[in-house]
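First up is the structure itself, then whatever we jot down about it.
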There are 2 protein chains.
Amino acid sequence: MLAAAQTLILERGIEGTTLAAIGERAGYSRGLATYRYGSKAGLFQEVSSNIHRRWVTYLEKAVDGQTGIEALCSAADAYYRFVSDSPEDIRVLHILYYAGAEPSSELRGLAKTAFQRQIADAERWIQEGIDNGSILDNVSPLAEATQYVAHIAGVTYIWLLNPVAVRFDDIQTSFKQSLRDRLTVDDAA
Amino acid sequence: MLAAAQTLILERGIEGTTLAAIGERAGYSRGLATYRYGSKAGLFQEVSSNIHRRWVTYLEKAVDGQTGIEALCSAADAYYRFVSDSPEDIRVLHILYYAGAEPSSELRGLAKTAFQRQIADAERWIQEGIDNGSILDNVSPLAEATQYVAHIAGVTYIWLLNPVAVRFDDIQTSFKQSLRDRLTVDDAA
DNA sequence: AACACACTTGCTTGTTGACAACAAGTATTT
DNA sequence: AAATACTTGTTGTCAACAAGCAAGTGTGTT
């Protein structure tokens, strides 16, 4: 059922997908989707947290106990790999998240907490890096963390609009390089 | 009419706004919005390009003939000022753009071209900067331009979700600094 | 063990109200 | 009289909900 919903979101978008179509695509009746999930928003929340859960597992495995710049880069790498492995999951997840930009969207809370959590993670990694001396102590953890998450969200959005025009790997490389340059102690000499 | 639409989008979102409500909010009948703009999507495209036009005017005045890093920073400053001056315009514009992340959304084309144009602008500025020697020649104009636009879009998105948590001015300062550090010839010595 | 009964679960079909889209008006101006 | 600006009537679609049904799952009775 959730798989059918995901397919239909990719095909026709949120607006264009009807609960009846989801039920029937999954081999059931037109009424089942509503019955199981209560509402369209309820179903989409389920789809969203389902994918989010997969992503978090993936992320935790990649970052493990790392801190500082290494954690940031590993997380970015993990994201890039996740996008390569399951682009459709990321597409659907972000379609749902961006739908949460609307006021009074029921997906809003979900998107908000997801991004807040990612910012908090990044902030913690940066703070830990500052504490152990690997990150410059004049950077603002919150400002950097916000930009870190914003960068990834923004690139994903541009990619959603125009997949072929975004060279994810180039961007990824340059992003990590720029993180190192900006945040870490300059040991060039 | 477009103003009424904008107000209602801020109050209730795209989904929650009905064409009848827009007409009536503007002091007309329930049918006028459909009559004038043909469809809900048509009306919202009009709202979107209306705000977009204001932004472009604002931007052109700010960037004027600048190139290279100066153009990038001026554009970023202009955006920050625009957000401060008319946060509601930016909110509505981006709500509409993010709605374009959906497949088969009629706002998609508009969002796509808007962002493509901004990337093309940034790419041109960077290329000009490389040509006149003010920007390092090992940066990829397209990759940097994409990240530049993605950064701004991403910060805006996080801000839409959670306005109070985003210190636009801090981020702005750090963003410009990082642009200079990464792109320009290092004349620290 | 065999049966009957209440009760739950999983799903379907019927219905309602909201809304976009459109068609057919009615003023009002030129 | 003809175009313009707007309104009202109508239809089809869809989310949401309610009511139903069929197939289990006990639970107690003989």
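For the structure tokens, the naming scheme is as follows: chains receive sequential letters (A, B, ...) according to their order of presentation, residues are indexed from 1 within each chain, and ligands are indexed from 1 in presentation order.
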Notebook entry, point to check: When DSSP works through the backbone of this structure, what residues of chain A end up as helix (DSSP H, G or I), shown as a ChimeraX atom specification?
Noted result: /A:2-16,19-25,32-37,40-63,68-85,87-99,108-131,141-161,163-165,168-183
Next item on the list: Could you give me, as a VMD selection string, the residues within 12 Å of Ile130 (chain A), counting only C-alpha atoms (C1' of nucleotides) and dropping anything in the same chain fewer than 4 positions from it?
Entry: chain A and resid 67 to 69 123 to 126 134 to 141 183 to 185
Note to self: With 12 Å as the limit and counting only C-alpha atoms (C1' of nucleotides), what residues in chain C lie close to chain A? Please list them as number ranges by chain.
What the structure shows: C: 9-14
Next item on the list: Can you check which residues of chain D have any atom within 12 Å of chain B? Use only C-alpha atoms (C1' of nucleotides) and format it as a list of chain:residue names.
Entry: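 Listing them in order of chain and number gives D:DA5, D:DC6, D:DT7, D:DT8, D:DG9.
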Suppose we keep C-alpha atoms (C1' of nucleotides); can you now write the selection as a short mmCIF file (atom, residue, chain, number, x, y, z; two decimals), in the first residue's frame?
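Final output, saved to again-v4.cif:
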data_model
loop_
_atom_site.label_atom_id
_atom_site.label_comp_id
_atom_site.auth_asym_id
_atom_site.auth_seq_id
_atom_site.Cartn_x
_atom_site.Cartn_y
_atom_site.Cartn_z
"C1'" DA D 5 -16.70 42.74 -16.51
"C1'" DC D 6 -18.70 40.12 -13.50
"C1'" DT D 7 -22.24 36.62 -11.38
"C1'" DT D 8 -24.97 32.51 -10.81
"C1'" DG D 9 -26.13 27.61 -12.06
#
Write out as a short mmCIF file (atom, residue, chain, number, x, y, z; two decimals) with C-alpha atoms (C1' of nucleotides), in the first residue's frame each polymer residue whose atoms come within 12 Å of region 12-29 of chain D, counting only C-alpha atoms (C1' of nucleotides); drop sequence neighbours fewer than 2 positions from it.
data_model
loop_
_atom_site.label_atom_id
_atom_site.label_comp_id
_atom_site.auth_asym_id
_atom_site.auth_seq_id
_atom_site.Cartn_x
_atom_site.Cartn_y
_atom_site.Cartn_z
CA GLU A 15 -2.22 16.53 -5.76
CA GLY A 16 -2.69 14.18 -8.68
CA THR A 17 -2.83 11.05 -6.55
CA THR A 18 -6.20 9.96 -5.23
CA LEU A 19 -6.75 7.67 -2.29
CA ALA A 20 -8.90 5.51 -4.53
CA ALA A 21 -6.06 5.12 -7.00
CA ARG A 30 -10.98 2.38 -3.51
CA GLY A 31 -11.87 2.77 0.14
CA ALA A 33 -6.43 3.69 1.84
CA THR A 34 -8.73 6.04 3.71
CA TYR A 35 -9.82 3.28 6.05
CA TYR A 37 -4.66 5.70 7.29
CA GLY A 38 -7.60 7.91 8.15
CA SER A 39 -6.78 10.62 5.67
CA LYS A 40 -4.63 11.53 2.73
CA ALA A 41 -2.28 13.45 5.01
"C1'" DA C 2 -18.42 -30.54 18.50
"C1'" DC C 3 -21.14 -26.80 18.27
"C1'" DA C 4 -23.05 -22.23 18.93
"C1'" DC C 5 -22.47 -17.63 20.15
"C1'" DA C 6 -20.45 -13.01 20.71
"C1'" DC C 7 -16.96 -10.26 19.07
"C1'" DT C 8 -12.97 -8.56 16.21
"C1'" DT C 9 -10.50 -7.70 11.95
"C1'" DG C 10 -9.99 -6.51 7.24
"C1'" DC C 11 -12.03 -4.89 3.62
"C1'" DT C 12 -15.88 -3.00 0.40
"C1'" DT C 13 -19.68 -0.18 -1.10
"C1'" DG C 14 -22.89 3.87 -0.42
"C1'" DT C 15 -23.20 8.68 0.55
"C1'" DT C 16 -22.20 13.52 1.55
"C1'" DG C 17 -20.14 17.93 1.19
"C1'" DA C 18 -16.50 20.73 -0.76
"C1'" DC C 19 -14.45 22.43 -4.66
"C1'" DA C 20 -12.48 23.34 -9.50
"C1'" DA C 21 -14.06 24.02 -13.91
"C1'" DC C 22 -17.19 25.48 -17.08
"C1'" DT D 10 -24.30 23.10 -12.84
#
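What chain B places within 7 Å of chain A, counting only C-alpha atoms, is Leu10, Glu11, Arg12, Gly13, Ile14, Ile95, Tyr98, Ala99, Ala101, Glu102, Pro103, Ser104, Lys112, Ala143, Gln147, Ala150, His151, Ala153, Gly154, Val155, Ile158, Leu160, Leu161, Asp170, Ile171, Ser178 and Arg182 of chain B.
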Keeping only C-alpha atoms, take the residues you just selected and write them out as a PDB file, in the first residue's frame.
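File written: selection_15.pdb
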ATOM      1  CA  LEU B  10      -0.095  32.783   3.735  1.00  0.00           C
ATOM      2  CA  GLU B  11      -3.120  32.061   5.895  1.00  0.00           C
ATOM      3  CA  ARG B  12      -4.163  28.667   4.633  1.00  0.00           C
ATOM      4  CA  GLY B  13      -1.660  27.457   2.075  1.00  0.00           C
ATOM      5  CA  ILE B  14      -2.295  26.506  -1.527  1.00  0.00           C
ATOM      6  CA  ILE B  95       5.667  28.220  -1.101  1.00  0.00           C
ATOM      7  CA  TYR B  98       8.325  24.319  -3.510  1.00  0.00           C
ATOM      8  CA  ALA B  99       4.901  23.203  -4.658  1.00  0.00           C
ATOM      9  CA  ALA B 101       8.721  20.045  -6.686  1.00  0.00           C
ATOM     10  CA  GLU B 102       5.761  17.767  -7.336  1.00  0.00           C
ATOM     11  CA  PRO B 103       5.688  15.921 -10.622  1.00  0.00           C
ATOM     12  CA  SER B 104       3.115  17.292 -13.020  1.00  0.00           C
ATOM     13  CA  LYS B 112      12.466  25.387 -12.939  1.00  0.00           C
ATOM     14  CA  ALA B 143      29.055  23.570  -9.736  1.00  0.00           C
ATOM     15  CA  GLN B 147      25.609  25.502  -4.882  1.00  0.00           C
ATOM     16  CA  ALA B 150      20.956  25.884  -3.674  1.00  0.00           C
ATOM     17  CA  HIS B 151      22.329  27.487  -0.537  1.00  0.00           C
ATOM     18  CA  ALA B 153      16.991  28.203  -1.648  1.00  0.00           C
ATOM     19  CA  GLY B 154      17.836  25.842   1.181  1.00  0.00           C
ATOM     20  CA  VAL B 155      18.186  28.541   3.806  1.00  0.00           C
ATOM     21  CA  ILE B 158      14.495  26.099   6.511  1.00  0.00           C
ATOM     22  CA  LEU B 160       9.910  28.949   5.893  1.00  0.00           C
ATOM     23  CA  LEU B 161       9.570  25.943   8.162  1.00  0.00           C
ATOM     24  CA  ASP B 170      24.513  35.642  10.739  1.00  0.00           C
ATOM     25  CA  ILE B 171      24.132  33.167   7.942  1.00  0.00           C
ATOM     26  CA  SER B 178      32.923  31.687   2.779  1.00  0.00           C
ATOM     27  CA  ARG B 182      36.690  29.770  -1.415  1.00  0.00           C
TER      28      ARG B 182
END
Note to self: Calculated over only C-alpha atoms, which of the candidates B:Leu110, B:Ala4, B:Ala122, B:Ala145 has the smallest distance to His52 (chain B)?
What the structure shows: B:Leu110
Margin query: Can you measure CA of Arg53 (chain B) to CA of Glu24 (chain B) for me? One decimal in Å is fine.
Written below: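 So the two atoms, CA of Arg53 (chain B) and CA of Glu24 (chain B), lie 26.0 Å apart.
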Notebook entry, point to check: Within 12 Å of Glu60 (chain B), counting only C-alpha atoms (C1' of nucleotides), which residues qualify if same-chain residues fewer than 3 places away don't, as a list of chain:residue names?
Noted result: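 Everything that qualifies: B:Arg53, B:Arg54, B:Trp55, B:Val56, B:Thr57, B:Val63, B:Asp64, B:Gly65, B:Gln66, B:Ala71, B:Ser74, B:Ala75, B:Ala78, B:Tyr79, B:Gln118, B:Asp121.
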Output file for the residues above (N, CA and C atoms, as an mmCIF file, in the first residue's frame):
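This went into selection02.cif:
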data_model
loop_
_atom_site.group_PDB
_atom_site.id
_atom_site.type_symbol
_atom_site.label_atom_id
_atom_site.label_comp_id
_atom_site.auth_asym_id
_atom_site.auth_seq_id
_atom_site.Cartn_x
_atom_site.Cartn_y
_atom_site.Cartn_z
ATOM 1 N N ARG B 53 8.878 39.120 -10.696
ATOM 2 C CA ARG B 53 9.215 40.345 -11.411
ATOM 3 C C ARG B 53 9.740 41.408 -10.447
ATOM 4 N N ARG B 54 9.063 41.545 -9.328
ATOM 5 C CA ARG B 54 9.529 42.524 -8.324
ATOM 6 C C ARG B 54 10.943 42.185 -7.874
ATOM 7 N N TRP B 55 11.177 40.909 -7.649
ATOM 8 C CA TRP B 55 12.493 40.474 -7.181
ATOM 9 C C TRP B 55 13.572 40.755 -8.230
ATOM 10 N N VAL B 56 13.275 40.468 -9.467
ATOM 11 C CA VAL B 56 14.265 40.661 -10.523
ATOM 12 C C VAL B 56 14.642 42.140 -10.651
ATOM 13 N N THR B 57 13.646 43.008 -10.582
ATOM 14 C CA THR B 57 13.916 44.450 -10.603
ATOM 15 C C THR B 57 14.879 44.827 -9.484
ATOM 16 N N VAL B 63 22.768 44.523 -8.440
ATOM 17 C CA VAL B 63 23.963 43.966 -9.071
ATOM 18 C C VAL B 63 24.507 44.932 -10.117
ATOM 19 N N ASP B 64 23.607 45.599 -10.796
ATOM 20 C CA ASP B 64 23.979 46.561 -11.833
ATOM 21 C C ASP B 64 25.002 45.919 -12.773
ATOM 22 N N GLY B 65 26.141 46.469 -12.894
ATOM 23 C CA GLY B 65 27.090 45.892 -13.850
ATOM 24 C C GLY B 65 28.175 45.050 -13.197
ATOM 25 N N GLN B 66 28.008 44.740 -11.919
ATOM 26 C CA GLN B 66 29.088 44.045 -11.219
ATOM 27 C C GLN B 66 29.344 42.642 -11.758
ATOM 28 N N ALA B 71 29.467 40.635 -7.575
ATOM 29 C CA ALA B 71 28.099 40.391 -8.043
ATOM 30 C C ALA B 71 27.421 39.358 -7.151
ATOM 31 N N SER B 74 26.670 41.005 -3.779
ATOM 32 C CA SER B 74 25.600 42.000 -3.912
ATOM 33 C C SER B 74 24.249 41.319 -4.090
ATOM 34 N N ALA B 75 24.219 40.254 -4.883
ATOM 35 C CA ALA B 75 22.965 39.544 -5.101
ATOM 36 C C ALA B 75 22.481 38.922 -3.789
ATOM 37 N N ALA B 78 21.202 41.664 -1.673
ATOM 38 C CA ALA B 78 19.907 42.120 -2.185
ATOM 39 C C ALA B 78 18.813 41.156 -1.737
ATOM 40 N N TYR B 79 19.120 39.869 -1.818
ATOM 41 C CA TYR B 79 18.133 38.867 -1.412
ATOM 42 C C TYR B 79 17.799 39.019 0.068
ATOM 43 N N GLN B 118 18.634 31.851 -12.360
ATOM 44 C CA GLN B 118 19.502 32.325 -11.287
ATOM 45 C C GLN B 118 20.847 31.609 -11.314
ATOM 46 N N ASP B 121 22.824 33.115 -14.165
ATOM 47 C CA ASP B 121 23.380 34.411 -13.748
ATOM 48 C C ASP B 121 24.637 34.216 -12.926
#
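Note that CA of Gln127 (chain B) and CA of Val164 (chain A) are 21.4 Å apart.
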Margin query: Please report the interatomic distance between CA of Ala76 (chain A) and CA of Arg117 (chain A) in Å with one decimal.
Written below: 15.2 Å
